[in-house]
>>> print(open('entry24.cif').read())   # mmCIF, C-alpha atoms
data_run
loop_
_atom_site.group_PDB
_atom_site.id
_atom_site.type_symbol
_atom_site.label_atom_id
_atom_site.label_comp_id
_atom_site.auth_asym_id
_atom_site.auth_seq_id
_atom_site.Cartn_x
_atom_site.Cartn_y
_atom_site.Cartn_z
ATOM 1 C CA MET A 673 11.007 13.055 6.764
ATOM 2 C CA SER A 674 10.724 14.463 3.261
ATOM 3 C CA GLU A 675 8.741 12.728 0.565
ATOM 4 C CA LEU A 676 11.847 11.314 -1.122
ATOM 5 C CA GLN A 677 13.938 10.467 1.892
ATOM 6 C CA LYS A 678 14.254 6.946 3.233
ATOM 7 C CA ALA A 679 12.350 6.622 6.506
ATOM 8 C CA THR A 680 14.230 5.624 9.623
ATOM 9 C CA GLU A 681 13.151 2.664 11.739
ATOM 10 C CA SER A 682 11.662 5.009 14.343
ATOM 11 C CA GLU A 683 9.758 6.973 11.675
ATOM 12 C CA ILE A 684 8.379 3.731 10.259
ATOM 13 C CA LYS A 685 7.339 2.488 13.690
ATOM 14 C CA ALA A 686 5.587 5.784 14.457
ATOM 15 C CA ALA A 687 3.806 5.896 11.091
ATOM 16 C CA LEU A 688 2.560 2.317 11.426
ATOM 17 C CA THR A 689 0.571 3.269 14.521
ATOM 18 C CA ASP A 690 -1.750 5.260 12.211
ATOM 19 C CA LEU A 691 -1.907 2.658 9.426
ATOM 20 C CA GLU A 692 -4.297 -0.087 10.464
ATOM 21 C CA GLY A 693 -3.422 -3.462 8.994
ATOM 22 C CA TRP A 694 -0.035 -2.509 7.563
ATOM 23 C CA GLU A 695 3.290 -4.016 8.596
ATOM 24 C CA VAL A 696 6.837 -4.066 7.290
ATOM 25 C CA ARG A 697 7.698 -7.242 5.421
ATOM 26 C CA ASP A 698 10.878 -7.689 3.393
ATOM 27 C CA GLY A 699 11.652 -3.970 3.657
ATOM 28 C CA LYS A 700 8.271 -2.875 2.261
ATOM 29 C CA LEU A 701 4.948 -1.765 3.682
ATOM 30 C CA HIS A 702 2.687 -4.798 3.356
ATOM 31 C CA ARG A 703 -1.028 -5.440 3.731
ATOM 32 C CA ALA A 704 -3.422 -8.165 2.602
ATOM 33 C CA PHE A 705 -7.083 -7.416 1.910
ATOM 34 C CA GLN A 706 -9.973 -9.828 1.479
ATOM 35 C CA PHE A 707 -13.293 -9.047 -0.208
ATOM 36 C CA GLY A 708 -16.570 -10.850 -0.809
ATOM 37 C CA ASP A 709 -15.724 -11.896 -4.341
ATOM 38 C CA PHE A 710 -13.553 -11.192 -7.366
ATOM 39 C CA SER A 711 -15.624 -8.218 -8.537
ATOM 40 C CA GLN A 712 -15.211 -6.438 -5.223
ATOM 41 C CA ALA A 713 -11.474 -7.138 -5.206
ATOM 42 C CA TRP A 714 -11.113 -5.894 -8.787
ATOM 43 C CA GLY A 715 -13.166 -2.776 -8.065
ATOM 44 C CA PHE A 716 -10.889 -2.018 -5.116
ATOM 45 C CA MET A 717 -7.828 -2.489 -7.309
ATOM 46 C CA SER A 718 -9.291 -0.100 -9.887
ATOM 47 C CA ARG A 719 -9.827 2.577 -7.229
ATOM 48 C CA VAL A 720 -6.287 2.037 -5.914
ATOM 49 C CA ALA A 721 -4.928 2.345 -9.467
ATOM 50 C CA LEU A 722 -6.589 5.747 -9.889
ATOM 51 C CA LEU A 723 -5.227 6.915 -6.528
ATOM 52 C CA ALA A 724 -1.753 5.644 -7.398
ATOM 53 C CA GLU A 725 -1.832 7.573 -10.677
ATOM 54 C CA GLN A 726 -2.858 10.751 -8.829
ATOM 55 C CA GLN A 727 0.024 10.304 -6.381
ATOM 56 C CA VAL A 728 2.448 9.150 -9.101
ATOM 57 C CA HIS A 729 3.389 6.233 -6.891
ATOM 58 C CA HIS A 730 2.502 2.684 -7.841
ATOM 59 C CA PRO A 731 2.108 -0.446 -5.713
ATOM 60 C CA GLU A 732 3.409 -3.924 -6.164
ATOM 61 C CA TRP A 733 0.353 -6.127 -5.843
ATOM 62 C CA PHE A 734 -1.019 -9.581 -6.277
ATOM 63 C CA ASN A 735 -4.626 -10.687 -6.760
ATOM 64 C CA VAL A 736 -6.273 -14.075 -6.499
ATOM 65 C CA TRP A 737 -10.073 -14.175 -6.596
ATOM 66 C CA ASN A 738 -11.182 -12.161 -3.537
ATOM 67 C CA ARG A 739 -7.722 -11.361 -2.126
ATOM 68 C CA VAL A 740 -5.437 -8.451 -2.882
ATOM 69 C CA THR A 741 -1.941 -8.216 -1.410
ATOM 70 C CA ILE A 742 -0.114 -4.887 -1.640
ATOM 71 C CA ASP A 743 3.534 -4.021 -1.046
ATOM 72 C CA LEU A 744 4.757 -0.424 -1.070
ATOM 73 C CA SER A 745 8.294 0.889 -1.314
ATOM 74 C CA THR A 746 10.048 3.793 -2.961
ATOM 75 C CA HIS A 747 12.623 2.613 -5.457
ATOM 76 C CA ASP A 748 14.313 6.032 -5.598
ATOM 77 C CA VAL A 749 15.367 5.708 -1.934
ATOM 78 C CA ASP A 750 15.667 1.910 -1.852
ATOM 79 C CA GLY A 751 13.218 1.666 1.024
ATOM 80 C CA ILE A 752 10.109 3.144 2.583
ATOM 81 C CA SER A 753 9.365 6.864 2.298
ATOM 82 C CA ARG A 754 6.567 9.343 3.028
ATOM 83 C CA LYS A 755 5.109 8.481 -0.408
ATOM 84 C CA ASP A 756 4.459 4.935 0.816
ATOM 85 C CA PHE A 757 2.771 6.072 4.019
ATOM 86 C CA ASP A 758 0.580 8.520 2.106
ATOM 87 C CA LEU A 759 -0.478 5.892 -0.431
ATOM 88 C CA ALA A 760 -1.118 3.329 2.316
ATOM 89 C CA ALA A 761 -3.373 5.801 4.141
ATOM 90 C CA GLY A 762 -5.298 6.464 0.938
ATOM 91 C CA ILE A 763 -5.637 2.758 0.259
ATOM 92 C CA ASN A 764 -7.035 2.213 3.756
ATOM 93 C CA LYS A 765 -9.713 4.840 3.066
ATOM 94 C CA LEU A 766 -10.663 3.068 -0.163
ATOM 95 C CA ALA A 767 -10.959 -0.272 1.637
ATOM 96 C CA THR A 768 -13.605 0.944 4.097
#
>>> encode(input="entry24.cif", output="structure tokens")
Amino acid sequence: MSELQKATESEIKAALTDLEGWEVRDGKLHRAFQFGDFSQAWGFMSRVALLAEQQVHHPEWFNVWNRVTIDLSTHDVDGISRKDFDLAAGINKLAT
């Protein structure tokens, strides 16, 4: 799968085995995170924002107090691509 090619169902299933906590919901990679408080959640979001800028790929996300919900998809392919898997893997590293 190239970076800007829509992933097949089998490619998505295989990639999810290496992405702890992520699932497909509404055609997007989806994960919810919970932190100790708002500051920790916001700090995480700031680190994700810097990573997203480096990868030139930006998440859809939602934050309430200590929770951050992230959805990833690639609009150029109208689905999930390698860019989403790469960003999800980077986000997982930031969350540990």
>>> closest_residue(input="entry24.cif", among="A:Ser753, A:Asn738, A:Gln677, A:Ser718", to="Phe705 (chain A)", atoms="all atoms listed in the file")
A:Asn738
>>> resolve_selection(input="entry24.cif", expression="the PyMOL selection byres ((chain A and resi 763-765) around 10)", output="VMD selection string")
chain A and resid 691 to 694 703 705 716 to 717 719 to 721 723 to 724 742 757 to 762 766 to 768
>>> residues_around(input="entry24.cif", residues="Gly708 (chain A)", least_positions_apart="5", cutoff="12 Å", atoms="only C-alpha atoms", output="compact mmCIF listing (two decimals) with C-alpha atoms, in the frame of the given file")
# COMPACT_ATOMS: atom_id res chain seq x y z
CA ALA A 713 -11.47 -7.14 -5.21
CA TRP A 714 -11.11 -5.89 -8.79
CA GLY A 715 -13.17 -2.78 -8.06
CA PHE A 716 -10.89 -2.02 -5.12
CA TRP A 737 -10.07 -14.18 -6.60
CA ASN A 738 -11.18 -12.16 -3.54
CA ARG A 739 -7.72 -11.36 -2.13
CA VAL A 740 -5.44 -8.45 -2.88
>>> closest_residue(input="entry24.cif", among="A:Ile752, A:Ala704, A:Val696, A:Ala679", to="Trp733 (chain A)", atoms="all atoms listed in the file")
A:Ala704
>>> resolve_selection(input="entry24.cif", expression="the PyMOL selection byres ((chain A and resi 746) around 12)", output="list of chain:residue names")
A:Glu675, A:Leu676, A:Gln677, A:Lys678, A:Ala679, A:Gly699, A:Lys700, A:Leu701, A:Val728, A:His729, A:His730, A:Pro731, A:Glu732, A:Asp743, A:Leu744, A:Ser745, A:His747, A:Asp748, A:Val749, A:Asp750, A:Gly751, A:Ile752, A:Ser753, A:Arg754, A:Lys755, A:Asp756, A:Phe757, A:Asp758, A:Leu759
>>> write_last_selection(input="entry24.cif", atoms="C-alpha atoms", output="PDB file, in the frame of the given file")
ATOM      1  CA  GLU A 675       8.741  12.728   0.565  1.00  0.00           C
ATOM      2  CA  LEU A 676      11.847  11.314  -1.122  1.00  0.00           C
ATOM      3  CA  GLN A 677      13.938  10.467   1.892  1.00  0.00           C
ATOM      4  CA  LYS A 678      14.254   6.946   3.233  1.00  0.00           C
ATOM      5  CA  ALA A 679      12.350   6.622   6.506  1.00  0.00           C
ATOM      6  CA  GLY A 699      11.652  -3.970   3.657  1.00  0.00           C
ATOM      7  CA  LYS A 700       8.271  -2.875   2.261  1.00  0.00           C
ATOM      8  CA  LEU A 701       4.948  -1.765   3.682  1.00  0.00           C
ATOM      9  CA  VAL A 728       2.448   9.150  -9.101  1.00  0.00           C
ATOM     10  CA  HIS A 729       3.389   6.233  -6.891  1.00  0.00           C
ATOM     11  CA  HIS A 730       2.502   2.684  -7.841  1.00  0.00           C
ATOM     12  CA  PRO A 731       2.108  -0.446  -5.713  1.00  0.00           C
ATOM     13  CA  GLU A 732       3.409  -3.924  -6.164  1.00  0.00           C
ATOM     14  CA  ASP A 743       3.534  -4.021  -1.046  1.00  0.00           C
ATOM     15  CA  LEU A 744       4.757  -0.424  -1.070  1.00  0.00           C
ATOM     16  CA  SER A 745       8.294   0.889  -1.314  1.00  0.00           C
ATOM     17  CA  HIS A 747      12.623   2.613  -5.457  1.00  0.00           C
ATOM     18  CA  ASP A 748      14.313   6.032  -5.598  1.00  0.00           C
ATOM     19  CA  VAL A 749      15.367   5.708  -1.934  1.00  0.00           C
ATOM     20  CA  ASP A 750      15.667   1.910  -1.852  1.00  0.00           C
ATOM     21  CA  GLY A 751      13.218   1.666   1.024  1.00  0.00           C
ATOM     22  CA  ILE A 752      10.109   3.144   2.583  1.00  0.00           C
ATOM     23  CA  SER A 753       9.365   6.864   2.298  1.00  0.00           C
ATOM     24  CA  ARG A 754       6.567   9.343   3.028  1.00  0.00           C
ATOM     25  CA  LYS A 755       5.109   8.481  -0.408  1.00  0.00           C
ATOM     26  CA  ASP A 756       4.459   4.935   0.816  1.00  0.00           C
ATOM     27  CA  PHE A 757       2.771   6.072   4.019  1.00  0.00           C
ATOM     28  CA  ASP A 758       0.580   8.520   2.106  1.00  0.00           C
ATOM     29  CA  LEU A 759      -0.478   5.892  -0.431  1.00  0.00           C
TER      30      LEU A 759
END
